[in-house]
>>> print(open('upload_7.tsv').read())   # TSV, C-alpha atoms
chain	number	residue	atom	x	y	z
A	1	MET	CA	123.90	106.78	83.31
A	2	GLU	CA	120.22	106.56	84.06
A	3	GLU	CA	120.74	108.13	87.48
A	4	THR	CA	121.48	111.51	85.90
A	5	GLN	CA	118.14	111.54	84.05
A	6	LYS	CA	115.11	113.31	85.43
A	7	PRO	CA	112.09	111.19	86.33
A	8	ALA	CA	109.24	111.19	83.85
A	9	ILE	CA	105.69	109.88	83.97
A	10	PHE	CA	104.70	106.86	81.89
A	11	ALA	CA	101.30	105.24	81.45
A	12	ILE	CA	100.86	101.48	81.89
A	13	ARG	CA	97.83	99.65	80.61
A	14	THR	CA	96.24	97.30	83.15
A	15	THR	CA	93.29	94.98	83.44
A	16	ILE	CA	90.19	97.05	84.22
A	17	GLY	CA	89.49	96.92	87.94
A	18	GLN	CA	93.02	95.83	88.82
A	19	GLU	CA	94.62	99.29	88.84
A	20	LYS	CA	95.23	99.33	92.60
A	21	ASN	CA	96.64	95.79	92.70
A	22	THR	CA	98.94	96.55	89.78
A	23	ALA	CA	100.13	99.76	91.49
A	24	ASP	CA	100.89	97.76	94.65
A	25	MET	CA	102.81	95.14	92.70
A	26	ILE	CA	104.81	97.75	90.81
A	27	ALA	CA	105.71	99.53	94.05
A	28	SER	CA	106.82	96.31	95.74
A	29	ARG	CA	108.86	95.23	92.70
A	30	ALA	CA	110.51	98.65	92.58
A	31	LYS	CA	111.43	98.31	96.26
A	32	ASN	CA	112.71	94.75	95.93
A	33	PHE	CA	114.82	95.38	92.86
A	34	LYS	CA	115.81	98.90	93.94
A	35	LEU	CA	114.55	100.42	90.70
A	36	PRO	CA	114.34	104.22	90.37
A	37	VAL	CA	110.54	104.42	90.59
A	38	LYS	CA	109.43	107.61	92.33
A	39	ALA	CA	105.65	107.26	92.49
A	40	VAL	CA	102.76	105.18	91.21
A	41	LEU	CA	99.37	106.78	90.59
A	42	ALA	CA	96.01	105.03	90.10
A	43	PRO	CA	93.42	107.82	89.70
A	44	THR	CA	89.68	107.22	89.89
A	45	GLY	CA	88.61	108.89	86.68
A	46	ILE	CA	90.61	106.63	84.40
A	47	ARG	CA	90.05	102.90	84.09
A	48	GLY	CA	92.57	100.46	82.74
A	49	TYR	CA	95.60	102.70	83.09
A	50	ILE	CA	97.99	103.66	85.86
A	51	PHE	CA	100.79	106.21	85.82
A	52	VAL	CA	104.30	105.45	86.98
A	53	GLU	CA	106.86	108.15	87.65
A	54	ALA	CA	110.29	106.69	87.07
A	55	VAL	CA	113.71	107.37	85.61
A	56	GLY	CA	113.88	106.02	82.09
A	57	LYS	CA	111.72	103.80	79.96
A	58	THR	CA	113.79	100.71	80.74
A	59	THR	CA	112.88	101.03	84.41
A	60	ILE	CA	109.21	100.84	83.46
A	61	GLU	CA	109.82	97.77	81.31
A	62	ARG	CA	111.74	96.07	84.12
A	63	VAL	CA	109.19	96.93	86.77
A	64	ARG	CA	106.28	95.80	84.62
A	65	ALA	CA	107.83	92.50	83.60
A	66	GLY	CA	106.05	89.53	85.13
A	67	ILE	CA	103.12	91.49	86.55
A	68	LYS	CA	99.98	89.68	85.52
A	69	HIS	CA	97.71	92.69	85.15
A	70	GLY	CA	100.29	94.96	83.57
A	71	LYS	CA	99.20	94.65	79.96
A	72	GLY	CA	101.63	96.98	78.27
A	73	MET	CA	103.11	100.39	78.15
A	74	VAL	CA	101.84	103.45	76.36
A	75	ALA	CA	104.55	104.87	74.11
A	76	GLY	CA	105.95	108.21	75.17
A	77	GLU	CA	105.96	110.23	78.33
A	78	VAL	CA	102.90	111.81	79.88
A	79	PRO	CA	103.40	115.49	80.80
A	80	ILE	CA	102.59	116.38	84.42
A	81	THR	CA	100.10	118.98	83.17
A	82	GLN	CA	97.91	116.15	81.85
A	83	ILE	CA	98.05	114.33	85.20
A	84	GLU	CA	97.17	117.39	87.30
A	85	GLN	CA	93.46	117.08	86.60
A	86	PHE	CA	93.43	113.61	88.23
A	87	LEU	CA	95.38	114.73	91.30
A	88	VAL	CA	92.60	117.04	92.47
A	89	PRO	CA	89.44	114.99	91.97
A	90	LYS	CA	86.36	117.04	91.36
A	91	ALA	CA	83.22	116.52	93.43
A	92	ALA	CA	81.01	113.62	92.32
A	93	VAL	CA	78.05	115.97	91.92
A	94	THR	CA	79.85	118.39	89.60
A	95	GLY	CA	77.67	119.17	86.61
A	96	MET	CA	74.49	117.83	88.20
A	97	GLU	CA	71.56	120.20	88.44
A	98	VAL	CA	68.04	120.07	89.79
A	99	GLY	CA	65.78	118.69	87.06
A	100	ASP	CA	68.38	116.45	85.39
A	101	VAL	CA	67.28	112.91	84.61
A	102	VAL	CA	69.61	110.28	86.06
A	103	GLU	CA	69.88	106.53	86.27
A	104	LEU	CA	70.88	104.91	89.55
A	105	ILE	CA	73.82	102.62	88.98
A	106	SER	CA	74.20	101.07	92.43
A	107	GLY	CA	72.19	100.33	95.53
A	108	PRO	CA	68.68	98.87	95.91
A	109	PHE	CA	67.26	101.11	93.17
A	110	ARG	CA	69.89	100.15	90.60
A	111	GLY	CA	68.65	100.57	87.06
A	112	GLU	CA	65.82	102.94	88.03
A	113	ARG	CA	65.43	106.29	86.34
A	114	ALA	CA	64.90	109.38	88.47
A	115	ARG	CA	64.84	113.16	88.45
A	116	ILE	CA	67.12	115.24	90.67
A	117	ILE	CA	65.24	117.39	93.17
A	118	ARG	CA	68.15	118.53	95.35
A	119	VAL	CA	71.95	118.62	95.09
A	120	ASP	CA	74.12	118.72	98.22
A	121	GLU	CA	77.61	119.67	97.05
A	122	GLY	CA	79.14	119.57	100.54
A	123	LYS	CA	78.16	115.99	101.22
A	124	GLU	CA	78.36	115.03	97.53
A	125	GLU	CA	74.84	113.65	97.70
A	126	ILE	CA	71.80	114.17	95.56
A	127	THR	CA	68.14	113.68	96.33
A	128	VAL	CA	66.10	112.13	93.55
A	129	GLU	CA	62.52	111.19	92.85
A	130	LEU	CA	62.05	107.86	91.12
A	131	PHE	CA	59.92	107.81	87.95
A	132	GLU	CA	58.56	104.33	88.56
A	133	ALA	CA	57.32	104.98	92.09
A	134	THR	CA	53.57	105.55	92.34
A	135	VAL	CA	54.00	107.86	95.30
A	136	PRO	CA	56.87	110.36	94.87
A	137	ILE	CA	59.35	109.57	97.63
A	138	PRO	CA	62.60	111.53	97.81
A	139	VAL	CA	65.60	109.22	97.91
A	140	THR	CA	69.02	110.56	98.84
A	141	VAL	CA	71.92	108.82	97.12
A	142	ARG	CA	75.63	109.42	96.71
A	143	GLY	CA	76.68	111.48	93.75
A	144	ASP	CA	78.87	108.71	92.36
A	145	SER	CA	76.06	106.17	92.31
A	146	VAL	CA	74.14	107.86	89.51
A	147	LYS	CA	74.71	108.45	85.82
A	148	ILE	CA	73.30	111.50	84.07
A	149	LEU	CA	70.96	110.46	81.27
A	150	GLN	CA	69.55	113.79	80.22
A	151	LYS	CA	70.32	117.32	81.24
A	152	LYS	CA	67.46	119.62	82.14
A	153	GLU	CA	66.47	121.62	79.10
A	154	LYS	CA	67.24	125.27	79.61
A	155	GLU	CA	64.53	127.78	78.81
A	156	GLY	CA	65.08	129.52	75.52
A	157	GLU	CA	67.25	126.74	74.15
A	158	GLY	CA	64.28	124.98	72.62
A	159	GLU	CA	64.21	121.32	71.80
A	160	GLY	CA	67.01	121.24	69.31
A	161	LYS	CA	69.62	119.48	71.42
B	162	MET	CA	92.03	94.07	107.24
B	163	LYS	CA	90.32	96.92	105.48
B	164	LEU	CA	92.50	99.82	104.45
B	165	LEU	CA	91.59	103.15	106.00
B	166	ALA	CA	92.53	106.61	104.79
B	167	CYS	CA	93.28	109.49	107.14
B	168	ARG	CA	90.85	112.41	106.70
B	169	ASN	CA	93.62	114.76	107.69
B	170	CYS	CA	96.60	113.74	105.55
B	171	ASN	CA	95.05	111.09	103.22
B	172	TYR	CA	97.62	108.48	104.32
B	173	ILE	CA	96.36	104.92	103.84
B	174	SER	CA	96.98	102.34	106.54
B	175	ASP	CA	95.25	99.47	108.30
B	176	SER	CA	95.81	100.72	111.84
B	177	SER	CA	93.27	102.54	114.03
B	178	THR	CA	95.29	105.76	114.15
B	179	CYS	CA	97.16	107.40	111.30
B	180	PRO	CA	100.85	106.42	111.43
B	181	ASN	CA	101.70	109.59	109.50
B	182	CYS	CA	100.01	112.35	111.50
B	183	GLY	CA	98.57	110.53	114.53
B	184	SER	CA	94.98	111.51	113.76
B	185	ALA	CA	92.20	109.10	114.74
B	186	SER	CA	89.84	110.39	112.06
B	187	LEU	CA	90.05	107.60	109.51
B	188	SER	CA	87.65	106.65	106.75
B	189	GLU	CA	87.16	103.53	104.70
B	190	ASP	CA	85.43	105.54	101.99
B	191	TRP	CA	88.26	106.82	99.86
B	192	ALA	CA	89.12	106.98	96.17
B	193	GLY	CA	92.20	107.39	94.02
B	194	TYR	CA	95.48	105.74	94.97
B	195	VAL	CA	99.04	107.05	94.99
B	196	ILE	CA	102.13	105.24	96.18
B	197	VAL	CA	105.03	107.59	96.75
B	198	LEU	CA	108.43	105.92	96.98
B	199	ASP	CA	110.78	108.89	96.66
B	200	VAL	CA	109.40	112.19	97.95
B	201	GLU	CA	112.49	114.19	97.05
B	202	GLU	CA	112.38	113.58	93.33
B	203	SER	CA	108.74	112.84	92.66
B	204	GLU	CA	106.82	115.53	90.82
B	205	ILE	CA	103.51	113.90	91.80
B	206	ALA	CA	104.47	114.04	95.52
B	207	LYS	CA	105.33	117.73	95.17
B	208	LYS	CA	102.00	118.50	93.54
B	209	LEU	CA	100.17	116.69	96.34
B	210	ASN	CA	102.38	118.21	99.07
B	211	ILE	CA	103.42	114.76	100.28
B	212	THR	CA	106.49	114.76	102.51
B	213	LYS	CA	106.66	111.13	103.63
B	214	PRO	CA	106.79	108.06	101.41
B	215	GLY	CA	103.80	105.74	101.60
B	216	LYS	CA	100.35	105.08	100.22
B	217	TYR	CA	97.90	107.94	99.92
B	218	ALA	CA	94.31	108.40	98.78
B	219	LEU	CA	93.42	111.23	96.41
B	220	LYS	CA	90.01	111.76	97.93
B	221	VAL	CA	88.67	110.84	101.38
B	222	ARG	CA	85.00	111.19	102.26
>>> encode(input="upload_7.tsv", output="structure tokens")
Amino acid sequence: MEETQKPAIFAIRTTIGQEKNTADMIASRAKNFKLPVKAVLAPTGIRGYIFVEAVGKTTIERVRAGIKHGKGMVAGEVPITQIEQFLVPKAAVTGMEVGDVVELISGPFRGERARIIRVDEGKEEITVELFEATVPIPVTVRGDSVKILQKKEKEGEGEGK
Amino acid sequence: MKLLACRNCNYISDSSTCPNCGSASLSEDWAGYVIVLDVEESEIAKKLNITKPGKYALKVR
């Protein structure tokens, strides 16, 4: 009876950082037990959840059973329109502008605060100047290794932010 | 062995050339992970224009 149903997308809660492993395990279980799982998605923007496209809720329960990092299932189906935003990942430097204050979250300057002096959207890199450095040295880092702390204040907006 | 993603078709493999499209332009810097098992019926595969089952990256640098 399940074969006549259309596949739907369900969200499964996983251990944070184990999304890819869980996706692999679900895919191999689906293959071994010949379950009607169509696709497994572990997007970057969302931590602790993966999406499984399968026929019927029972398939998800069967495929999840016994997987260590599969913590549970989110009730209800997820419409494809909500998933679309994860399928086309936006550039890591989206929303970053010259003058923004950022904190470096990886690399040798981890934890340092800096100001953006150049944004390279093609390479997804930004060039920053560290606050702590006595001599201003431009450092080029990847867009995903910084966190925006404070946006540059636009002229005319005043200080009320 | 480290998994590499094809810059051309985003297919993930551990070989030196892409088993999907034959390209030698592979990258170990990729993000996002999709496993497509049934291309015919998968809505996700259709959205990503995937025609062969396998593992794919969403973004390859």
>>> closest_atom_pairs(input="upload_7.tsv", of="chain A", to="chain B", cutoff="8 Å", atoms="only C-alpha atoms", output="CSV")
residue,atom,partner,partner_atom,distance
A:Pro7,CA,B:Ser203,CA,7.3
A:Lys20,CA,B:Tyr194,CA,6.8
A:Ala23,CA,B:Ile196,CA,7.5
A:Asp24,CA,B:Ile196,CA,7.7
A:Ala27,CA,B:Ile196,CA,7.1
A:Val37,CA,B:Leu198,CA,6.9
A:Lys38,CA,B:Asp199,CA,4.7
A:Ala39,CA,B:Val197,CA,4.3
A:Val40,CA,B:Ile196,CA,5.0
A:Leu41,CA,B:Val195,CA,4.4
A:Ala42,CA,B:Tyr194,CA,4.9
A:Pro43,CA,B:Gly193,CA,4.5
A:Thr44,CA,B:Gly193,CA,4.8
A:Glu53,CA,B:Ser203,CA,7.1
A:Ile80,CA,B:Glu204,CA,7.7
A:Glu84,CA,B:Lys208,CA,8.0
A:Leu87,CA,B:Leu219,CA,6.5
A:Val88,CA,B:Leu219,CA,7.1
A:Pro89,CA,B:Lys220,CA,6.8
>>> write_last_selection(input="upload_7.tsv", atoms="C-alpha atoms", output="compact mmCIF listing (two decimals), in the frame of the given file")
# COMPACT_ATOMS: atom_id res chain seq x y z
CA PRO A 7 112.09 111.19 86.33
CA LYS A 20 95.23 99.33 92.60
CA ALA A 23 100.13 99.76 91.49
CA ASP A 24 100.89 97.76 94.65
CA ALA A 27 105.71 99.53 94.05
CA VAL A 37 110.54 104.42 90.59
CA LYS A 38 109.43 107.61 92.33
CA ALA A 39 105.65 107.26 92.49
CA VAL A 40 102.76 105.18 91.21
CA LEU A 41 99.37 106.78 90.59
CA ALA A 42 96.01 105.03 90.10
CA PRO A 43 93.42 107.82 89.70
CA THR A 44 89.68 107.22 89.89
CA GLU A 53 106.86 108.15 87.65
CA ILE A 80 102.59 116.38 84.42
CA GLU A 84 97.17 117.39 87.30
CA LEU A 87 95.38 114.73 91.30
CA VAL A 88 92.60 117.04 92.47
CA PRO A 89 89.44 114.99 91.97
>>> axis_aligned_box(input="upload_7.tsv", around="region 164-168 of chain B", padding_each_side="8 Å", output="lines of an AutoDock Vina configuration file")
center_x = 92.1
center_y = 106.1
center_z = 105.8
size_x = 18.4
size_y = 28.6
size_z = 18.7
>>> residues_near_point(input="upload_7.tsv", point="(108.6, 100.6, 92.2)", cutoff="7 Å", atoms="all atoms listed in the file", output="JSON, numbers by chain")
{"A": [26, 27, 28, 29, 30, 31, 35, 37, 63]}
>>> write_last_selection(input="upload_7.tsv", atoms="C-alpha atoms", output="PDB file, in the coordinates of the input")
ATOM      1  CA  ILE A  26     104.810  97.750  90.810  1.00  0.00           C
ATOM      2  CA  ALA A  27     105.710  99.530  94.050  1.00  0.00           C
ATOM      3  CA  SER A  28     106.820  96.310  95.740  1.00  0.00           C
ATOM      4  CA  ARG A  29     108.860  95.230  92.700  1.00  0.00           C
ATOM      5  CA  ALA A  30     110.510  98.650  92.580  1.00  0.00           C
ATOM      6  CA  LYS A  31     111.430  98.310  96.260  1.00  0.00           C
ATOM      7  CA  LEU A  35     114.550 100.420  90.700  1.00  0.00           C
ATOM      8  CA  VAL A  37     110.540 104.420  90.590  1.00  0.00           C
ATOM      9  CA  VAL A  63     109.190  96.930  86.770  1.00  0.00           C
TER      10      VAL A  63
END
>>> residues_around(input="upload_7.tsv", residues="Ser188 (chain B)", least_positions_apart="5", cutoff="7 Å", atoms="only C-alpha atoms", output="short mmCIF file (atom, residue, chain, number, x, y, z; two decimals) with C-alpha atoms, in the frame of the given file")
data_model
loop_
_atom_site.label_atom_id
_atom_site.label_comp_id
_atom_site.auth_asym_id
_atom_site.auth_seq_id
_atom_site.Cartn_x
_atom_site.Cartn_y
_atom_site.Cartn_z
CA LEU B 165 91.59 103.15 106.00
CA ALA B 166 92.53 106.61 104.79
CA CYS B 167 93.28 109.49 107.14
CA ARG B 168 90.85 112.41 106.70
CA VAL B 221 88.67 110.84 101.38
CA ARG B 222 85.00 111.19 102.26
#
>>> atom_distance(input="upload_7.tsv", atom1="CA of Ile83 (chain A)", atom2="CA of Asp175 (chain B)")
27.6 Å
>>> residues_around(input="upload_7.tsv", residues="Arg110 (chain A)", least_positions_apart="2", cutoff="12 Å", atoms="only C-alpha atoms", output="list in words")
Val102, Glu103, Leu104, Ile105, Ser106, Gly107, Pro108, Glu112, Arg113, Ala114, Leu130, Val141, Ser145, Val146 and Lys147 of chain A
>>> residues_around(input="upload_7.tsv", residues="Leu187 (chain B)", least_positions_apart="3", cutoff="12 Å", atoms="all atoms listed in the file", output="ChimeraX atom specification")
/B:163-184,190-191,218,221-222
>>> atom_distance(input="upload_7.tsv", atom1="CA of Gly95 (chain A)", atom2="CA of Ile148 (chain A)")
9.2 Å
>>> residues_around(input="upload_7.tsv", residues="region 115-117 of chain A", least_positions_apart="4", cutoff="6 Å", atoms="only C-alpha atoms", output="list in words")
Val98, Gly99, Asp100, Val101, Thr127, Val128 and Glu129 of chain A
>>> atom_distance(input="upload_7.tsv", atom1="CA of Thr140 (chain A)", atom2="CA of Gly45 (chain A)")
23.1 Å
